[in-house]
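K.L.:
Sharing run.txt (compact mmCIF, C-alpha atoms and all ligand atoms) below.
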```txt
# COMPACT_ATOMS: atom_id res chain seq x y z
CA MET A 113 -12.66 32.93 38.40
CA SER A 114 -13.25 29.61 36.70
CA THR A 115 -13.43 26.36 38.61
CA LYS A 116 -10.98 23.51 38.28
CA THR A 117 -13.48 21.61 36.10
CA GLU A 118 -13.98 24.60 33.80
CA LYS A 119 -10.22 25.02 33.45
CA TYR A 120 -9.83 21.37 32.56
CA GLN A 121 -12.67 21.53 30.04
CA LEU A 122 -11.08 24.45 28.22
CA LEU A 123 -7.71 22.78 28.32
CA ILE A 124 -9.12 19.53 26.94
CA GLN A 125 -10.59 21.42 23.99
CA GLN A 126 -7.18 22.90 23.24
CA ILE A 127 -5.42 19.55 23.52
CA ARG A 128 -8.04 18.01 21.21
CA GLN A 129 -7.13 20.64 18.62
CA PHE A 130 -3.41 19.89 18.91
CA ALA A 131 -4.12 16.18 18.68
CA ALA A 132 -6.59 16.35 15.78
CA GLU A 133 -3.86 15.99 13.20
CA PRO A 134 -0.77 15.14 15.17
CA VAL A 135 2.46 15.55 13.25
CA ASP A 136 4.88 14.85 16.03
CA LEU A 137 4.50 13.26 19.41
CA VAL A 138 7.10 15.40 21.20
CA SER A 139 5.34 18.58 20.06
CA LEU A 140 2.00 17.28 21.28
CA LEU A 141 3.32 16.12 24.65
CA SER A 142 5.28 19.36 25.12
CA ASN A 143 2.28 21.58 24.47
CA THR A 144 0.12 19.43 26.73
CA ALA A 145 2.65 19.69 29.56
CA ALA A 146 2.94 23.46 29.04
CA LEU A 147 -0.85 23.96 29.05
CA LEU A 148 -1.37 21.94 32.21
CA HIS A 149 1.60 23.43 34.00
CA HIS A 150 0.77 27.05 33.35
CA THR A 151 -3.00 26.74 33.73
CA PHE A 152 -2.70 25.31 37.23
CA GLY A 153 0.74 26.53 38.35
CA PHE A 154 1.98 23.04 39.18
CA TRP A 155 5.51 22.41 40.44
CA TRP A 156 6.44 19.84 37.78
CA THR A 157 4.44 18.52 34.83
CA GLY A 158 5.74 16.04 32.33
CA PHE A 159 5.94 12.64 30.73
CA TYR A 160 8.01 9.53 31.17
CA ARG A 161 8.12 7.16 28.19
CA VAL A 162 8.29 3.38 28.47
CA ALA A 163 11.57 2.00 27.10
CA GLY A 164 12.19 -1.67 27.79
CA ASP A 165 11.82 -2.28 31.52
CA GLU A 166 12.11 1.31 32.67
CA LEU A 167 10.62 4.75 32.22
CA ILE A 168 12.77 7.41 30.58
CA LEU A 169 12.26 11.11 31.18
CA SER A 170 10.56 12.77 28.25
CA THR A 171 9.28 16.29 27.69
CA PHE A 172 8.33 18.36 30.78
CA GLN A 173 7.90 21.75 32.43
CA GLY A 174 9.62 22.45 35.73
CA PRO A 175 12.95 21.77 37.40
CA VAL A 176 15.46 19.10 36.37
CA ALA A 177 14.13 15.60 37.08
CA CYS A 178 15.43 12.06 37.40
CA THR A 179 15.89 10.34 34.06
CA ASN A 180 15.28 6.62 34.67
CA ILE A 181 12.56 4.98 36.74
CA PRO A 182 12.48 1.16 36.91
CA PHE A 183 9.23 -0.79 36.47
CA GLY A 184 7.31 -0.85 39.76
CA LYS A 185 9.46 1.84 41.43
CA GLY A 186 8.28 5.21 42.69
CA VAL A 187 4.84 6.58 41.97
CA CYS A 188 5.45 6.49 38.22
CA GLY A 189 6.68 2.90 38.17
CA THR A 190 3.77 1.86 40.40
CA ALA A 191 1.18 3.45 38.09
CA TRP A 192 2.83 1.59 35.20
CA LYS A 193 2.96 -1.74 37.04
CA GLU A 194 -0.56 -1.55 38.48
CA GLN A 195 -1.97 -0.05 35.25
CA ARG A 196 -3.92 2.62 37.07
CA SER A 197 -3.75 6.27 38.03
CA VAL A 198 -2.13 6.90 41.39
CA VAL A 199 -3.06 9.95 43.49
CA VAL A 200 -0.62 10.75 46.31
CA PRO A 201 -1.86 13.42 48.74
CA ASP A 202 1.44 13.43 50.66
CA VAL A 203 4.56 12.07 48.96
CA GLU A 204 6.22 11.33 52.29
CA GLN A 205 3.49 8.79 52.99
CA PHE A 206 4.07 6.91 49.74
CA PRO A 207 6.53 4.05 50.26
CA GLY A 208 9.27 4.20 47.63
CA HIS A 209 8.40 7.66 46.36
CA ILE A 210 11.28 8.99 44.24
CA ALA A 211 12.03 12.56 45.25
CA CYS A 212 13.42 14.40 42.24
CA SER A 213 12.89 17.62 44.19
CA SER A 214 12.42 18.27 47.91
CA GLN A 215 9.77 20.89 47.03
CA SER A 216 7.37 18.28 45.71
CA ARG A 217 4.63 17.53 48.29
CA SER A 218 1.81 15.79 46.43
CA GLU A 219 1.62 14.01 43.11
CA ILE A 220 -0.60 12.33 40.54
CA VAL A 221 0.51 9.85 37.89
CA VAL A 222 -1.78 8.76 35.03
CA PRO A 223 -0.77 5.95 32.65
CA LEU A 224 -1.17 6.37 28.89
CA PHE A 225 -2.46 3.14 27.39
CA VAL A 226 -1.82 1.98 23.87
CA SER A 227 -5.28 2.20 22.31
CA ASN A 228 -6.14 -1.08 20.72
CA THR A 229 -9.75 -0.58 19.75
CA ASN A 230 -9.74 -3.33 17.12
CA ALA A 231 -8.43 -6.05 19.38
CA PRO A 232 -10.78 -8.86 20.39
CA THR A 233 -11.96 -8.37 23.97
CA HIS A 234 -9.88 -11.18 25.48
CA THR A 235 -6.64 -9.50 24.35
CA GLN A 236 -7.63 -6.25 26.01
CA GLU A 237 -7.29 -7.72 29.47
CA LYS A 238 -3.57 -7.01 29.60
CA LYS A 239 -3.22 -3.47 28.39
CA SER A 240 0.10 -2.01 27.48
CA ILE A 241 1.33 1.40 28.53
CA TRP A 242 3.55 3.63 26.40
CA ALA A 243 4.07 6.55 28.81
CA VAL A 244 2.91 8.09 32.06
CA LEU A 245 1.85 11.65 32.77
CA ASP A 246 3.35 12.80 36.06
CA ILE A 247 2.36 15.98 37.89
CA ASP A 248 3.87 17.28 41.13
CA SER A 249 2.59 20.04 43.35
CA ASP A 250 4.49 21.97 46.02
CA GLN A 251 1.34 21.85 48.19
CA LEU A 252 -0.09 18.87 50.08
CA GLY A 253 -3.29 17.22 48.82
CA THR A 254 -3.51 19.08 45.52
CA PHE A 255 -5.01 16.26 43.47
CA ASP A 256 -8.42 14.64 43.72
CA ASP A 257 -10.85 12.70 41.54
CA THR A 258 -11.62 15.79 39.44
CA ASP A 259 -7.97 15.94 38.42
CA ARG A 260 -7.76 12.20 37.90
CA LEU A 261 -10.85 11.99 35.68
CA HIS A 262 -9.85 14.93 33.50
CA LEU A 263 -6.24 13.83 33.23
CA GLU A 264 -7.43 10.36 32.21
CA GLN A 265 -9.45 12.02 29.43
CA ILE A 266 -6.33 13.88 28.34
CA ALA A 267 -4.39 10.60 28.46
CA ASP A 268 -6.95 9.04 26.08
CA ILE A 269 -6.63 11.91 23.62
CA LEU A 270 -2.85 11.59 23.64
CA SER A 271 -3.01 7.82 23.28
CA ASN A 272 -5.27 8.08 20.24
CA ALA A 273 -2.78 10.48 18.67
CA TYR A 274 0.01 8.09 19.59
CA ALA A 275 -1.86 5.22 17.91
CA SER A 276 -2.36 7.19 14.72
CA LEU A 277 1.33 8.15 14.67
CA HIS A 278 2.50 4.68 15.63
CA SER A 279 1.10 1.96 13.47
CA PRO A 280 2.39 -1.34 14.85
CA ILE A 281 3.89 -2.11 11.44
CA ARG A 282 7.44 -0.85 11.63
CA ASP A 283 10.77 -1.00 9.88
CA ILE A 284 14.32 -1.40 11.10
CA TYR A 285 17.56 -2.18 9.29
CA LEU A 286 19.93 -4.69 10.85
CA ALA A 287 23.47 -5.41 9.74
CA GLY A 288 24.79 -8.62 11.24
CA GLY A 289 27.54 -9.85 8.92
CA CYS A 290 26.69 -11.90 5.81
CA PHE A 291 23.08 -11.05 4.96
CA TRP A 292 22.20 -14.54 3.76
CA GLY A 293 22.11 -15.91 7.30
CA THR A 294 20.73 -12.78 8.93
CA GLN A 295 17.86 -12.57 6.46
CA HIS A 296 17.05 -16.25 6.85
CA TYR A 297 17.12 -16.15 10.65
CA LEU A 298 15.13 -12.91 11.01
CA SER A 299 12.50 -14.05 8.52
CA LEU A 300 11.74 -16.99 10.85
CA LEU A 301 10.83 -14.81 13.84
CA GLN A 302 7.17 -14.53 14.80
CA GLY A 303 6.06 -10.98 14.04
CA VAL A 304 8.49 -10.42 11.18
CA LEU A 305 6.44 -9.65 8.07
CA LYS A 306 9.28 -9.19 5.64
CA ALA A 307 13.07 -9.51 5.72
CA GLU A 308 14.97 -8.34 2.65
CA ALA A 309 18.69 -8.47 1.95
CA GLY A 310 20.25 -5.19 0.91
CA TYR A 311 23.00 -2.64 1.32
CA ALA A 312 22.76 0.24 3.80
CA ASN A 313 24.44 3.54 4.54
CA GLY A 314 27.02 3.78 1.79
CA ASN A 315 27.89 6.63 -0.49
CA ILE A 316 27.02 5.68 -4.07
CA GLU A 317 23.68 5.16 -5.79
CA ASN A 318 22.39 1.73 -6.78
CA PRO A 319 25.38 -0.26 -5.53
CA THR A 320 25.94 -3.74 -6.94
CA TYR A 321 27.22 -6.68 -4.92
CA GLU A 322 30.54 -6.45 -6.77
CA GLN A 323 30.93 -2.77 -5.83
CA VAL A 324 30.00 -3.39 -2.20
CA TYR A 325 32.43 -6.32 -2.18
CA THR A 326 35.36 -3.94 -2.84
CA ASP A 327 34.69 -2.46 0.61
CA SER A 328 35.10 1.06 -0.79
CA THR A 329 31.44 2.13 -1.03
CA GLY A 330 30.68 2.43 2.69
CA TYR A 331 27.78 -0.01 2.38
CA ALA A 332 27.06 -2.69 4.97
CA GLU A 333 25.24 -5.90 4.14
CA THR A 334 21.96 -5.21 5.89
CA VAL A 335 18.54 -6.73 6.29
CA HIS A 336 15.48 -4.55 6.06
CA VAL A 337 13.04 -5.95 8.60
CA ARG A 338 9.36 -5.05 8.50
CA TYR A 339 7.70 -6.28 11.67
CA ASP A 340 4.52 -6.07 13.69
CA ALA A 341 5.56 -4.43 16.94
CA SER A 342 2.36 -5.57 18.65
CA VAL A 343 3.64 -9.15 18.21
CA LEU A 344 7.37 -8.54 18.31
CA PRO A 345 8.41 -5.34 20.09
CA LEU A 346 11.69 -3.78 18.93
CA SER A 347 13.41 -4.69 22.21
CA LYS A 348 12.61 -8.37 21.61
CA LEU A 349 13.58 -8.23 17.94
CA LEU A 350 16.96 -6.74 18.92
CA GLU A 351 17.42 -9.34 21.64
CA MET A 352 16.92 -12.09 19.04
CA PHE A 353 19.22 -10.33 16.55
CA PHE A 354 21.96 -10.01 19.16
CA LYS A 355 22.06 -13.81 19.46
CA THR A 356 23.41 -13.94 15.91
CA ILE A 357 26.33 -11.52 16.21
CA ASP A 358 29.52 -10.91 18.12
CA PRO A 359 28.84 -7.26 18.98
CA THR A 360 32.46 -6.70 20.07
CA SER A 361 33.95 -7.74 16.74
CA LEU A 362 34.78 -4.80 14.48
CA ASN A 363 34.20 -5.33 10.76
CA ARG A 364 34.18 -9.08 11.11
CA GLN A 365 31.55 -11.75 11.77
CA ALA A 366 32.73 -15.37 11.68
CA HIS A 367 34.66 -15.86 8.42
CA ASP A 368 33.50 -12.61 6.85
CA ILE A 369 35.89 -9.69 7.13
CA GLY A 370 35.47 -6.11 5.89
CA THR A 371 33.49 -2.96 6.65
CA ARG A 372 30.63 -4.41 4.60
CA TYR A 373 30.27 -7.03 7.35
CA ARG A 374 30.18 -4.54 10.21
CA THR A 375 27.30 -4.84 12.65
CA GLY A 376 24.78 -2.04 12.75
CA ILE A 377 21.29 -0.95 13.69
CA TYR A 378 19.98 1.68 11.30
CA PHE A 379 16.70 3.34 12.19
CA SER A 380 14.23 5.35 10.13
CA ASP A 381 12.27 6.58 13.18
CA PRO A 382 14.22 8.53 15.84
CA ASP A 383 11.69 7.29 18.41
CA ASP A 384 13.43 3.91 18.14
CA LEU A 385 16.68 5.31 19.49
CA PRO A 386 15.92 5.08 23.25
CA VAL A 387 14.88 1.43 22.82
CA ILE A 388 18.03 0.67 20.80
CA ARG A 389 20.27 2.36 23.36
CA HIS A 390 18.57 0.56 26.20
CA SER A 391 18.89 -2.83 24.48
CA LEU A 392 22.60 -2.24 23.81
CA LYS A 393 23.18 -1.16 27.39
CA LYS A 394 21.68 -4.44 28.58
CA LEU A 395 23.72 -6.41 26.03
CA ALA A 396 26.96 -4.71 27.14
CA ASN A 397 26.57 -6.36 30.56
CA ASN A 398 27.34 -9.71 28.92
CA TYR A 399 30.70 -8.61 27.50
CA SER A 400 33.93 -7.32 28.96
CA ASP A 401 35.05 -5.75 25.65
CA PRO A 402 33.26 -2.64 24.39
CA LEU A 403 30.43 -3.07 21.89
CA VAL A 404 31.10 -1.86 18.35
CA VAL A 405 27.60 -2.12 16.90
CA GLU A 406 27.01 0.98 14.79
CA VAL A 407 23.82 2.87 15.62
CA THR A 408 22.86 5.63 13.21
CA PRO A 409 19.85 6.83 11.25
CA LEU A 410 19.34 5.06 7.93
CA THR A 411 20.83 7.25 5.20
CA ALA A 412 20.56 4.88 2.21
CA PHE A 413 19.21 1.42 1.51
CA TYR A 414 19.16 -0.56 -1.72
CA LEU A 415 17.82 -4.05 -2.17
CA ALA A 416 20.43 -6.63 -3.02
CA GLU A 417 20.20 -8.53 -6.31
CA GLU A 418 17.47 -11.15 -6.61
CA TYR A 419 19.87 -14.09 -6.26
CA HIS A 420 20.78 -12.88 -2.74
CA GLN A 421 17.13 -12.82 -1.63
CA ASP A 422 16.12 -15.85 0.42
CA TYR A 423 19.49 -17.34 -0.52
CA LEU A 424 19.47 -20.02 2.17
CA HIS A 425 15.94 -20.97 1.28
CA LYS A 426 17.04 -21.50 -2.32
CA HIS A 427 20.33 -23.14 -1.23
CA PRO A 428 19.71 -24.92 2.07
CA ASP A 429 23.34 -26.09 2.19
CA GLY A 430 24.75 -22.62 1.50
CA TYR A 431 27.17 -20.81 3.79
CA CYS A 432 25.65 -19.41 6.97
CA HIS A 433 27.59 -17.84 9.83
CA ILE A 434 24.66 -18.27 12.23
CA PRO A 435 24.76 -21.54 14.20
CA LEU A 436 22.25 -24.09 12.89
CA ASP A 437 21.12 -24.78 16.47
CA LEU A 438 19.96 -21.18 16.81
CA ILE A 439 18.06 -21.33 13.54
CA ASN A 440 16.41 -24.60 14.56
CA GLU A 441 15.53 -23.15 17.95
CA VAL A 442 13.63 -20.33 16.25
CA LYS A 443 11.98 -22.72 13.78
CA ASN A 444 10.83 -24.99 16.61
CA SER A 445 9.40 -22.12 18.61
CA ARG A 446 7.02 -21.17 15.81
N1 LIG B 501 8.16 11.31 42.09
C1 LIG B 501 8.22 10.45 40.96
C2 LIG B 501 9.51 10.64 40.21
C3 LIG B 501 9.42 11.62 39.09
S1 LIG B 501 9.41 13.22 39.59
O1 LIG B 501 8.26 13.48 40.44
C4 LIG B 501 9.48 14.27 38.34
C5 LIG B 501 8.05 9.00 41.40
O2 LIG B 501 8.08 8.68 42.59
O3 LIG B 501 7.90 8.14 40.53
```
What is this file in structure tokens?

P.N.:
Amino acid sequence: MSTKTEKYQLLIQQIRQFAAEPVDLVSLLSNTAALLHHTFGFWWTGFYRVAGDELILSTFQGPVACTNIPFGKGVCGTAWKEQRSVVVPDVEQFPGHIACSSQSRSEIVVPLFVSNTNAPTHTQEKKSIWAVLDIDSDQLGTFDDTDRLHLEQIADILSNAYASLHSPIRDIYLAGGCFWGTQHYLSLLQGVLKAEAGYANGNIENPTYEQVYTDSTGYAETVHVRYDASVLPLSKLLEMFFKTIDPTSLNRQAHDIGTRYRTGIYFSDPDDLPVIRHSLKKLANNYSDPLVVEVTPLTAFYLAEEYHQDYLHKHPDGYCHIPLDLINEVKNSR
């Protein structure tokens, strides 16, 4: 019978193969959880992904588990906060342990760090974590340094795959009423590389402004934002965007009325969805009326005509529904 180390070594080889050309993160994490779980017969093996200020249950093997873990809470939240692996020989002795199952007796949590190999050394001091690997056993004292060291190796393999799948340069499509103001405002944010005015999610090809203006094409005036998520994470970008809209107003922002002025967040990467949902949930706390911001995958996007691009730059006195104070605030913070 092979030793624990031998089992881990074999398993690491297999995970390396899965991760060599990763096509999808969920597939990779699922196979990793399955391999670990069935090789060692653990009670629960899975991942929690970082979304805003909490961990959200991701792919796993084992019984139903709790879905949200706040930063710093439980073993998982502690590993995230303290940026280190946490080995718990007896869960009852760990203050604040979150018991998803009474059968769980010991636990290990290993953080998965965003690999940032090109960063200058001083920026590596504060590492960021994108997920944690959590394993529970129904026996006391299951995990030791052998587990920790091998699981940390596995975490590195997964994080490299994550980095190759997740370049920090990302795209999102934000509809916030008249695109002149939204484009201008978003283009001023630190971390935004490009903001282009266009039309999203309608039902004809190559729409013109005049066609969209009839409100019969399904298109919303939308800004395509390309941003560097290592400077401006999506949660922060959305927080800044929300300052410019009334998210409870259906098909109207300030003086602009019509479905083309609806508010919306259109994503091209489904991985953005948990962050979007979380940001909207937080935003909803500020309003008594329900939010009507549309959240759907991007189905179509066409650039608006050249005269709409950078309109407020070309016409500084042009109409803008976004308060000047807010625009100046962003300008001054640069
Ligand atoms: N015990 C964990 C919660 C997750 S479950 O073990 C699946 C914790 O305290 O963070």

K.L.:
Could you list, as JSON, numbers by chain, all the residues within 9 Å of ligand LIG 501 (chain B), counting all atoms listed in the file?

P.N.:
{"A": [156, 157, 158, 159, 160, 169, 172, 174, 175, 176, 177, 178, 179, 180, 181, 185, 186, 187, 188, 189, 190, 191, 203, 206, 208, 209, 210, 211, 212, 213, 216, 218, 219, 220, 221, 246, 247, 248]}

K.L.:
Name the closest residue to Ala332 of chain A among the candidates A:Gly164, A:Gly184, A:Pro207, A:Gly288; distances are taken between atoms, counting all atoms listed in the file.

P.N.:
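Result for the nearest residue to Ala332 of chain A: A:Gly288.
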
K.L.:
When you count all atoms listed in the file, which of these residues is closest to His425 of chain A: A:Pro359, A:Gly376, A:Gly303, A:Gly293?

P.N.:
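Checking each of A:Pro359, A:Gly376, A:Gly303, A:Gly293 against His425 of chain A, counting all atoms listed in the file, the winner is A:Gly293.
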
K.L.:
I'd like to know which of A:Pro345, A:Gly330, A:Pro223, A:Pro402 is closest to Ile281 of chain A, using only C-alpha atoms.

P.N.:
A:Pro345

K.L.:
Please provide the set of residues having any atom within 10 Å of Ala341 of chain A, restricted to all atoms listed in the file, with same-chain residues fewer than 4 positions apart removed, written as a compact mmCIF listing (two decimals) with C-alpha atoms, in the frame of the given file.

P.N.:
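result05.txt written:
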```
# COMPACT_ATOMS: atom_id res chain seq x y z
CA HIS A 278 2.50 4.68 15.63
CA SER A 279 1.10 1.96 13.47
CA PRO A 280 2.39 -1.34 14.85
CA ILE A 281 3.89 -2.11 11.44
CA ARG A 282 7.44 -0.85 11.63
CA ASP A 283 10.77 -1.00 9.88
CA GLY A 303 6.06 -10.98 14.04
CA VAL A 304 8.49 -10.42 11.18
CA PRO A 345 8.41 -5.34 20.09
CA LEU A 346 11.69 -3.78 18.93
CA SER A 347 13.41 -4.69 22.21
CA LYS A 348 12.61 -8.37 21.61
CA LEU A 349 13.58 -8.23 17.94
```

K.L.:
Considering all atoms listed in the file, can you say which of A:Thr117, A:Thr294, A:Ser139, A:Thr371 comes closest to Tyr274 of chain A?

P.N.:
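Smallest separation from Tyr274 of chain A among the options: A:Ser139.
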
K.L.:
Report, in Å with one decimal, the straight-line distance from atom CA of Asp381 of chain A to atom CA of Leu140 of chain A.

P.N.:
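Separation of atom CA of Asp381 of chain A and atom CA of Leu140 of chain A: 16.9 Å.
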
K.L.:
Just want the 6 Å neighbourhood of Ala243 of chain A, counted on all atoms listed in the file, with same-chain residues fewer than 3 positions away dropped. Output as number ranges by chain.

P.N.:
A: 160-162, 224

K.L.:
Just C-alpha atoms for this one: save the residues we selected as a tab-separated table (two decimals), keeping the file's coordinate frame.

P.N.:
```tsv
chain	number	residue	atom	x	y	z
A	160	TYR	CA	8.01	9.53	31.17
A	161	ARG	CA	8.12	7.16	28.19
A	162	VAL	CA	8.29	3.38	28.47
A	224	LEU	CA	-1.17	6.37	28.89
```

K.L.:
Given the choices A:Asn398, A:Ala275, A:Leu344, A:Ala412, which gets closest to Asn315 of chain A if the distance is worked out from all atoms listed in the file?

P.N.:
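Of the candidates, the smallest distance to Asn315 of chain A is held by A:Ala412.
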
K.L.:
Check the smallest atom-to-atom distance from each of A:Gln251, A:Asn363, A:Tyr414, A:Val244 to Ile316 of chain A using only C-alpha atoms, then report the winner.

P.N.:
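Using only C-alpha atoms, the shortest distance to Ile316 of chain A belongs to A:Tyr414.
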
K.L.:
Counting all atoms listed in the file, which residues come within 12 Å of (24.1, -21.8, 15.2), with the point read in the file's coordinates, and could you list them as number ranges by chain?

P.N.:
A: 293-294, 297, 355-357, 366, 431-442

K.L.:
For atom CA of Val407 of chain A and atom CA of Tyr311 of chain A, determine how far apart the two atoms are, in Å to one decimal place.

P.N.:
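The value is 15.3 Å.
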
K.L.:
Using all atoms listed in the file, determine which residues lie at most 9 Å from Arg374 of chain A, disregarding the query and same-chain residues fewer than 4 positions distant; provide the list as a VMD selection string.

P.N.:
chain A and resid 287 to 289 332 to 333 361 to 365 369 to 370 404 to 406

K.L.:
Store the residues picked out above, limited to C-alpha atoms, as a short mmCIF file (atom, residue, chain, number, x, y, z; two decimals), keeping the file's coordinate frame.

P.N.:
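The result, stored in part.cif:
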```
data_model
loop_
_atom_site.label_atom_id
_atom_site.label_comp_id
_atom_site.auth_asym_id
_atom_site.auth_seq_id
_atom_site.Cartn_x
_atom_site.Cartn_y
_atom_site.Cartn_z
CA ALA A 287 23.47 -5.41 9.74
CA GLY A 288 24.79 -8.62 11.24
CA GLY A 289 27.54 -9.85 8.92
CA ALA A 332 27.06 -2.69 4.97
CA GLU A 333 25.24 -5.90 4.14
CA SER A 361 33.95 -7.74 16.74
CA LEU A 362 34.78 -4.80 14.48
CA ASN A 363 34.20 -5.33 10.76
CA ARG A 364 34.18 -9.08 11.11
CA GLN A 365 31.55 -11.75 11.77
CA ILE A 369 35.89 -9.69 7.13
CA GLY A 370 35.47 -6.11 5.89
CA VAL A 404 31.10 -1.86 18.35
CA VAL A 405 27.60 -2.12 16.90
CA GLU A 406 27.01 0.98 14.79
#
```

K.L.:
As an exercise, work out the distance from atom CA of Thr334 of chain A to atom CA of Phe291 of chain A in Å and give it to one decimal place.

P.N.:
6.0 Å

K.L.:
If you count all atoms listed in the file, which residues fall within 12 Å of Leu123 of chain A, apart from same-chain ones fewer than 6 positions away, as a list of chain:residue names?

P.N.:
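The neighbour list is A:Lys116, A:Thr117, A:Gln129, A:Phe130, A:Asn143, A:Thr144, A:Ala145, A:Ala146, A:Leu147, A:Leu148, A:His149, A:His150, A:Thr151, A:Phe152, A:His262, A:Leu263, A:Gln265, A:Ile266, A:Ile269.
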
K.L.:
Those same residues, written as a compact mmCIF listing (two decimals), in the frame of the given file with C-alpha atoms?

P.N.:
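Below is the file that was written, result-v8.txt:
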```
# COMPACT_ATOMS: atom_id res chain seq x y z
CA LYS A 116 -10.98 23.51 38.28
CA THR A 117 -13.48 21.61 36.10
CA GLN A 129 -7.13 20.64 18.62
CA PHE A 130 -3.41 19.89 18.91
CA ASN A 143 2.28 21.58 24.47
CA THR A 144 0.12 19.43 26.73
CA ALA A 145 2.65 19.69 29.56
CA ALA A 146 2.94 23.46 29.04
CA LEU A 147 -0.85 23.96 29.05
CA LEU A 148 -1.37 21.94 32.21
CA HIS A 149 1.60 23.43 34.00
CA HIS A 150 0.77 27.05 33.35
CA THR A 151 -3.00 26.74 33.73
CA PHE A 152 -2.70 25.31 37.23
CA HIS A 262 -9.85 14.93 33.50
CA LEU A 263 -6.24 13.83 33.23
CA GLN A 265 -9.45 12.02 29.43
CA ILE A 266 -6.33 13.88 28.34
CA ILE A 269 -6.63 11.91 23.62
```

K.L.:
Need the shell around Thr408 of chain A: protein/DNA/RNA residues with any atom at most 8 Å away, counting only C-alpha atoms. Skip same-chain ones fewer than 4 positions apart. Format as a list in words?

P.N.:
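Here the qualifying residues turn out to be Gly376, Ile377, Tyr378 and Phe379 of chain A.
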
K.L.:
Quick one: segment 395-406 of chain A with N, CA, C and O atoms, as a PDB file, in the frame of the given file?

P.N.:
```pdb
ATOM      1  N   LEU A 395      22.830  -5.436  26.686  1.00  0.00           N
ATOM      2  CA  LEU A 395      23.720  -6.410  26.030  1.00  0.00           C
ATOM      3  C   LEU A 395      25.152  -6.242  26.521  1.00  0.00           C
ATOM      4  O   LEU A 395      25.873  -7.233  26.707  1.00  0.00           O
ATOM      5  N   ALA A 396      25.565  -4.987  26.748  1.00  0.00           N
ATOM      6  CA  ALA A 396      26.960  -4.710  27.140  1.00  0.00           C
ATOM      7  C   ALA A 396      27.315  -5.414  28.453  1.00  0.00           C
ATOM      8  O   ALA A 396      28.481  -5.740  28.697  1.00  0.00           O
ATOM      9  N   ASN A 397      26.304  -5.672  29.282  1.00  0.00           N
ATOM     10  CA  ASN A 397      26.570  -6.360  30.560  1.00  0.00           C
ATOM     11  C   ASN A 397      27.119  -7.762  30.363  1.00  0.00           C
ATOM     12  O   ASN A 397      27.722  -8.321  31.262  1.00  0.00           O
ATOM     13  N   ASN A 398      26.884  -8.340  29.166  1.00  0.00           N
ATOM     14  CA  ASN A 398      27.340  -9.710  28.920  1.00  0.00           C
ATOM     15  C   ASN A 398      28.761  -9.775  28.379  1.00  0.00           C
ATOM     16  O   ASN A 398      29.263 -10.865  28.125  1.00  0.00           O
ATOM     17  N   TYR A 399      29.371  -8.619  28.135  1.00  0.00           N
ATOM     18  CA  TYR A 399      30.700  -8.610  27.500  1.00  0.00           C
ATOM     19  C   TYR A 399      31.670  -7.760  28.311  1.00  0.00           C
ATOM     20  O   TYR A 399      31.278  -6.747  28.882  1.00  0.00           O
ATOM     21  N   SER A 400      32.940  -8.174  28.298  1.00  0.00           N
ATOM     22  CA  SER A 400      33.930  -7.320  28.960  1.00  0.00           C
ATOM     23  C   SER A 400      34.526  -6.320  27.958  1.00  0.00           C
ATOM     24  O   SER A 400      34.915  -5.223  28.336  1.00  0.00           O
ATOM     25  N   ASP A 401      34.561  -6.697  26.665  1.00  0.00           N
ATOM     26  CA  ASP A 401      35.050  -5.750  25.650  1.00  0.00           C
ATOM     27  C   ASP A 401      33.934  -4.782  25.262  1.00  0.00           C
ATOM     28  O   ASP A 401      32.753  -5.123  25.374  1.00  0.00           O
ATOM     29  N   PRO A 402      34.303  -3.597  24.779  1.00  0.00           N
ATOM     30  CA  PRO A 402      33.260  -2.640  24.390  1.00  0.00           C
ATOM     31  C   PRO A 402      32.489  -3.114  23.147  1.00  0.00           C
ATOM     32  O   PRO A 402      33.045  -3.812  22.298  1.00  0.00           O
ATOM     33  N   LEU A 403      31.234  -2.719  23.060  1.00  0.00           N
ATOM     34  CA  LEU A 403      30.430  -3.070  21.890  1.00  0.00           C
ATOM     35  C   LEU A 403      30.787  -2.143  20.734  1.00  0.00           C
ATOM     36  O   LEU A 403      31.064  -0.965  20.949  1.00  0.00           O
ATOM     37  N   VAL A 404      30.771  -2.692  19.520  1.00  0.00           N
ATOM     38  CA  VAL A 404      31.100  -1.860  18.350  1.00  0.00           C
ATOM     39  C   VAL A 404      29.962  -1.857  17.331  1.00  0.00           C
ATOM     40  O   VAL A 404      30.179  -1.624  16.152  1.00  0.00           O
ATOM     41  N   VAL A 405      28.761  -2.111  17.804  1.00  0.00           N
ATOM     42  CA  VAL A 405      27.600  -2.120  16.900  1.00  0.00           C
ATOM     43  C   VAL A 405      27.290  -0.655  16.532  1.00  0.00           C
ATOM     44  O   VAL A 405      27.083   0.173  17.413  1.00  0.00           O
ATOM     45  N   GLU A 406      27.261  -0.390  15.235  1.00  0.00           N
ATOM     46  CA  GLU A 406      27.010   0.980  14.790  1.00  0.00           C
ATOM     47  C   GLU A 406      25.520   1.306  14.945  1.00  0.00           C
ATOM     48  O   GLU A 406      24.675   0.507  14.546  1.00  0.00           O
TER      49      GLU A 406
END
```
